[in-house]
Amino acid sequence: MEVVWAVGQLGAVWVAVVFGLIVLPSALGVSLGISQAYMWVLVKTLEWATIRLQKGAKKPQLQMPRTPTANGIIERDETPMEKEIALLHRADFEFSHIFYFCRKGFEAIVEDEVTQRFSSEELLSWNLLTRTNVNFHYISLRLTVVWVIGVIVRYCFLLPLRFTLAAIGITSMIVGTTAVGQLPNGSVKNYLSEVVHLTCSRILVRALSGTIHYHNKENRPRKGGICVANHTSPIDAIILTNDGCYAMVGQVHGGLMGVIQRATVKACPHVWFERSEIKDRHLVTKRLREHVADKSKLPILIFPEGTCINNTSVMMFKKGSFEIGGTIYPVAIKYDPQFGDAFWNSSKYNIVSYLLRIMTSWAIVCNVWYLPPMVRKEDEDAVQFANRVRSAIARQGGLTELPWDGGLKRAKVKDTFKEEQQKNYSKMLVRNGSIG
């Protein structure tokens, strides 16, 4: 009994400290400076580790990659294919010319520009996390000691703390939105709903040790509009709702996520679709247009890529979000991978494994840029408008712009697209006099 009583007392003290030092300041939107102090110590520690790593790394395989996006397996020629073919085929066609296409094919197989966007971003320096293929912590005794201390801190202190905060945030979200949902529709209900969403989002951001820098807040999405952003992680929504409220769009889920969806939709006009409904493109467009037409409703939050990309690129935006009409508010999100990998490789990790990796990282640090609102031009179709918005997000976030569909993460390339590329190759050959 004494052991049970002692554990209970310890648990009560733990919860009281968490509420007093983290939850309450988060709810009030104030900071006690604990996060800033933690980040300062963390940055200094990582800088020291980088210096020790550079001094102790004598083997070639321990050198850091030169760029954060390339695997360095092959060395590419950046000359456009049209120009290369023009230089290659100044004379009549020779059988050896096919080796050019063989080389391009081998390059695409070994290291193409699409599939590498679905794997974690390469780091310029080691961040003292265990998720690496090289045992950097064996370089020196001091580095090993610091690494071991880091493992103890992350798993024995940060993980329980973050789990406690996440439980408090999720429980508060369910209870708060359910209570607000019982009120009659009106300005009071809308105000309380926004307070609950903002408060719980702030608690959940603290559960990730989140440090978020918001830029150009004068461009924040307004009611009756559509907010579109690049997609790296499921926590993108929490990052954005920490600074403002949105109406979410998505498929109805079961389990804990389903409980949260059913509770939040009572207080806020989120747009949830059944599995059979989300396949009906016209029904989805109709419901979204009805939402946007009501200028009193919160802006819709949409991730047009449809899947998570690894924080280095922006892939093709699906045109459906840009056919609805209304004002588009682009948002660029860029995470700092030095403190933790926010990318969710859903084809490799389930949501539980992903959350465990997030909870045991040092912190989640990111920049959010609100871009000026954009509207569709008269001579612009939905695809052109989507590409223009994507380009603006890529430029602001320092991301690579790729025309590929993010669906390639799980699906094969369509035959029609292959045929289109084959036609482009044949046109280049004919235009450069290689045929005929």
# chains A, B, ... in the order shown; residues from 1 in each chain; ligands from 1
call {"tool": "select_by_dssp", "arguments": {"residues": "stretch 191-318 of chain A", "states": "strand (DSSP E)", "output": "NGL selection string"}}
result
:A and (210-215 or 226-229 or 247-251 or 271-273 or 300-302 or 313-314)
call {"tool": "residues_around", "arguments": {"residues": "stretch 153-159 of chain A", "least_positions_apart": "3", "cutoff": "7 Å", "atoms": "only C-alpha atoms", "output": "number ranges by chain"}}
result
A: 149-150, 162-163, 359-360
call {"tool": "closest_atom_pairs", "arguments": {"of": "stretch 264-373 of chain A", "to": "stretch 199-221 of chain A", "cutoff": "10 Å", "atoms": "only C-alpha atoms", "output": "Markdown table"}}
result
| residue | atom | partner | partner_atom | distance |
| --- | --- | --- | --- | --- |
| A:Leu298 | CA | A:Pro221 | CA | 8.9 |
| A:Pro299 | CA | A:Pro221 | CA | 6.5 |
| A:Ile300 | CA | A:Pro221 | CA | 9.0 |
| A:Leu301 | CA | A:Pro221 | CA | 9.3 |
| A:Thr327 | CA | A:Pro221 | CA | 9.1 |
| A:Ile328 | CA | A:Pro221 | CA | 8.2 |
| A:Tyr329 | CA | A:Pro221 | CA | 5.6 |
| A:Pro330 | CA | A:Pro221 | CA | 8.4 |
| A:Val331 | CA | A:Arg220 | CA | 8.6 |
| A:Ala332 | CA | A:His215 | CA | 9.9 |
| A:Ile333 | CA | A:Tyr214 | CA | 9.6 |
| A:Tyr335 | CA | A:Ile212 | CA | 9.1 |
| A:Leu355 | CA | A:Leu208 | CA | 9.8 |
| A:Ile358 | CA | A:Leu208 | CA | 7.2 |
| A:Met359 | CA | A:Leu208 | CA | 6.4 |
| A:Thr360 | CA | A:Leu208 | CA | 9.1 |
| A:Ser361 | CA | A:Leu208 | CA | 8.5 |
| A:Trp362 | CA | A:Ser209 | CA | 7.7 |
| A:Ala363 | CA | A:Ser209 | CA | 4.9 |
| A:Ile364 | CA | A:Gly210 | CA | 4.7 |
| A:Val365 | CA | A:Thr211 | CA | 4.8 |
| A:Cys366 | CA | A:Ile212 | CA | 5.1 |
| A:Asn367 | CA | A:His213 | CA | 4.8 |
| A:Val368 | CA | A:Tyr214 | CA | 4.8 |
| A:Trp369 | CA | A:His215 | CA | 4.8 |
| A:Tyr370 | CA | A:Asn219 | CA | 5.3 |
| A:Leu371 | CA | A:Asn219 | CA | 6.0 |
| A:Pro372 | CA | A:Asn219 | CA | 5.5 |
| A:Pro373 | CA | A:Asn219 | CA | 6.9 |
call {"tool": "residues_around", "arguments": {"residues": "A:Val375", "least_positions_apart": "2", "cutoff": "12 Å", "atoms": "only C-alpha atoms", "output": "list in words"}}
result
Gly225, Ile226, Phe322, Glu323, Ile324, Gly325, Gly326, Thr327, Ile328, Tyr329, Pro330, Pro372, Pro373, Lys377, Glu378, Asp379, Glu380, Asp381, Ala382, Gln384, Phe385, Ala386, Arg388 and Val389 of chain A
call {"tool": "closest_residue", "arguments": {"among": "A:Val196, A:Ile302, A:Met374, A:Met248", "to": "A:Asn230", "atoms": "only C-alpha atoms"}}
result
A:Ile302
call {"tool": "select_by_dssp", "arguments": {"residues": "stretch 243-373 of chain A", "states": "alpha helix (DSSP H)", "output": "ChimeraX atom specification"}}
result
/A:255-267,275-278,281-293,351-359
call {"tool": "write_last_selection", "arguments": {"atoms": "N, CA and C atoms", "output": "CSV table (one decimal), in the first residue's frame"}}
result
chain,number,residue,atom,x,y,z
A,255,GLY,N,-11.6,4.7,-34.5
A,255,GLY,CA,-10.7,4.7,-33.4
A,255,GLY,C,-10.6,6.1,-32.7
A,256,LEU,N,-9.4,6.4,-32.2
A,256,LEU,CA,-9.3,7.7,-31.5
A,256,LEU,C,-9.5,8.9,-32.4
A,257,MET,N,-9.0,8.8,-33.6
A,257,MET,CA,-9.1,9.9,-34.6
A,257,MET,C,-10.6,10.1,-34.9
A,258,GLY,N,-11.4,9.0,-35.0
A,258,GLY,CA,-12.8,9.2,-35.2
A,258,GLY,C,-13.5,9.9,-34.1
A,259,VAL,N,-13.1,9.6,-32.8
A,259,VAL,CA,-13.7,10.2,-31.6
A,259,VAL,C,-13.4,11.7,-31.7
A,260,ILE,N,-12.2,12.1,-32.1
A,260,ILE,CA,-11.8,13.5,-32.2
A,260,ILE,C,-12.6,14.2,-33.3
A,261,GLN,N,-12.8,13.5,-34.4
A,261,GLN,CA,-13.5,14.1,-35.5
A,261,GLN,C,-15.0,14.3,-35.1
A,262,ARG,N,-15.6,13.4,-34.5
A,262,ARG,CA,-17.0,13.5,-34.1
A,262,ARG,C,-17.2,14.6,-33.0
A,263,ALA,N,-16.2,14.8,-32.2
A,263,ALA,CA,-16.3,15.8,-31.1
A,263,ALA,C,-16.1,17.2,-31.7
A,264,THR,N,-15.1,17.4,-32.6
A,264,THR,CA,-14.8,18.7,-33.1
A,264,THR,C,-15.8,19.2,-34.1
A,265,VAL,N,-16.4,18.3,-34.8
A,265,VAL,CA,-17.4,18.8,-35.8
A,265,VAL,C,-18.7,19.3,-35.2
A,266,LYS,N,-18.9,19.0,-33.9
A,266,LYS,CA,-20.0,19.6,-33.2
A,266,LYS,C,-19.8,21.0,-32.8
A,267,ALA,N,-18.6,21.4,-32.7
A,267,ALA,CA,-18.3,22.8,-32.3
A,267,ALA,C,-17.8,23.7,-33.5
A,275,ARG,N,-16.1,7.3,-46.6
A,275,ARG,CA,-15.2,6.7,-47.6
A,275,ARG,C,-15.9,6.7,-49.0
A,276,SER,N,-17.2,6.4,-49.1
A,276,SER,CA,-17.9,6.3,-50.3
A,276,SER,C,-18.1,7.7,-50.9
A,277,GLU,N,-18.2,8.7,-50.1
A,277,GLU,CA,-18.4,10.1,-50.5
A,277,GLU,C,-17.2,10.7,-51.1
A,278,ILE,N,-16.0,10.4,-50.5
A,278,ILE,CA,-14.8,11.1,-50.9
A,278,ILE,C,-14.4,10.7,-52.3
A,281,ARG,N,-16.2,13.1,-56.8
A,281,ARG,CA,-15.6,14.4,-56.9
A,281,ARG,C,-16.6,15.5,-56.9
A,282,HIS,N,-17.7,15.3,-57.5
A,282,HIS,CA,-18.7,16.4,-57.6
A,282,HIS,C,-19.3,16.7,-56.3
A,283,LEU,N,-19.5,15.7,-55.5
A,283,LEU,CA,-20.1,15.9,-54.1
A,283,LEU,C,-19.1,16.6,-53.3
A,284,VAL,N,-17.8,16.3,-53.3
A,284,VAL,CA,-16.8,17.0,-52.6
A,284,VAL,C,-16.7,18.4,-52.9
A,285,THR,N,-16.7,18.7,-54.2
A,285,THR,CA,-16.6,20.1,-54.7
A,285,THR,C,-17.9,20.9,-54.3
A,286,LYS,N,-19.0,20.3,-54.3
A,286,LYS,CA,-20.3,20.9,-53.9
A,286,LYS,C,-20.2,21.4,-52.5
A,287,ARG,N,-19.8,20.4,-51.6
A,287,ARG,CA,-19.8,20.7,-50.2
A,287,ARG,C,-18.8,21.8,-49.8
A,288,LEU,N,-17.6,21.7,-50.5
A,288,LEU,CA,-16.6,22.8,-50.3
A,288,LEU,C,-17.0,24.1,-50.8
A,289,ARG,N,-17.7,24.2,-51.9
A,289,ARG,CA,-18.2,25.5,-52.4
A,289,ARG,C,-19.2,26.1,-51.5
A,290,GLU,N,-20.1,25.2,-50.9
A,290,GLU,CA,-21.1,25.7,-50.0
A,290,GLU,C,-20.4,26.3,-48.7
A,291,HIS,N,-19.3,25.7,-48.3
A,291,HIS,CA,-18.6,26.2,-47.2
A,291,HIS,C,-17.9,27.5,-47.5
A,292,VAL,N,-17.3,27.6,-48.6
A,292,VAL,CA,-16.6,28.8,-49.0
A,292,VAL,C,-17.6,30.0,-49.2
A,293,ALA,N,-18.8,29.7,-49.7
A,293,ALA,CA,-19.8,30.7,-50.0
A,293,ALA,C,-20.2,31.4,-48.7
A,351,ILE,N,1.4,5.1,-38.0
A,351,ILE,CA,1.3,6.3,-37.3
A,351,ILE,C,1.9,6.2,-35.9
A,352,VAL,N,1.8,5.1,-35.2
A,352,VAL,CA,2.3,4.9,-33.9
A,352,VAL,C,3.8,5.0,-33.9
A,353,SER,N,4.5,4.3,-34.8
A,353,SER,CA,5.9,4.4,-34.9
A,353,SER,C,6.4,5.8,-35.2
A,354,TYR,N,5.6,6.5,-36.1
A,354,TYR,CA,6.0,7.8,-36.5
A,354,TYR,C,5.9,8.8,-35.3
A,355,LEU,N,4.8,8.7,-34.5
A,355,LEU,CA,4.7,9.5,-33.3
A,355,LEU,C,5.7,9.2,-32.3
A,356,LEU,N,6.2,8.0,-32.2
A,356,LEU,CA,7.2,7.7,-31.2
A,356,LEU,C,8.5,8.3,-31.7
A,357,ARG,N,8.8,8.3,-33.0
A,357,ARG,CA,10.0,9.0,-33.5
A,357,ARG,C,10.0,10.5,-33.2
A,358,ILE,N,8.8,11.1,-33.4
A,358,ILE,CA,8.6,12.5,-33.1
A,358,ILE,C,8.8,12.8,-31.7
A,359,MET,N,8.2,12.0,-30.8
A,359,MET,CA,8.2,12.3,-29.4
A,359,MET,C,9.6,12.1,-28.8
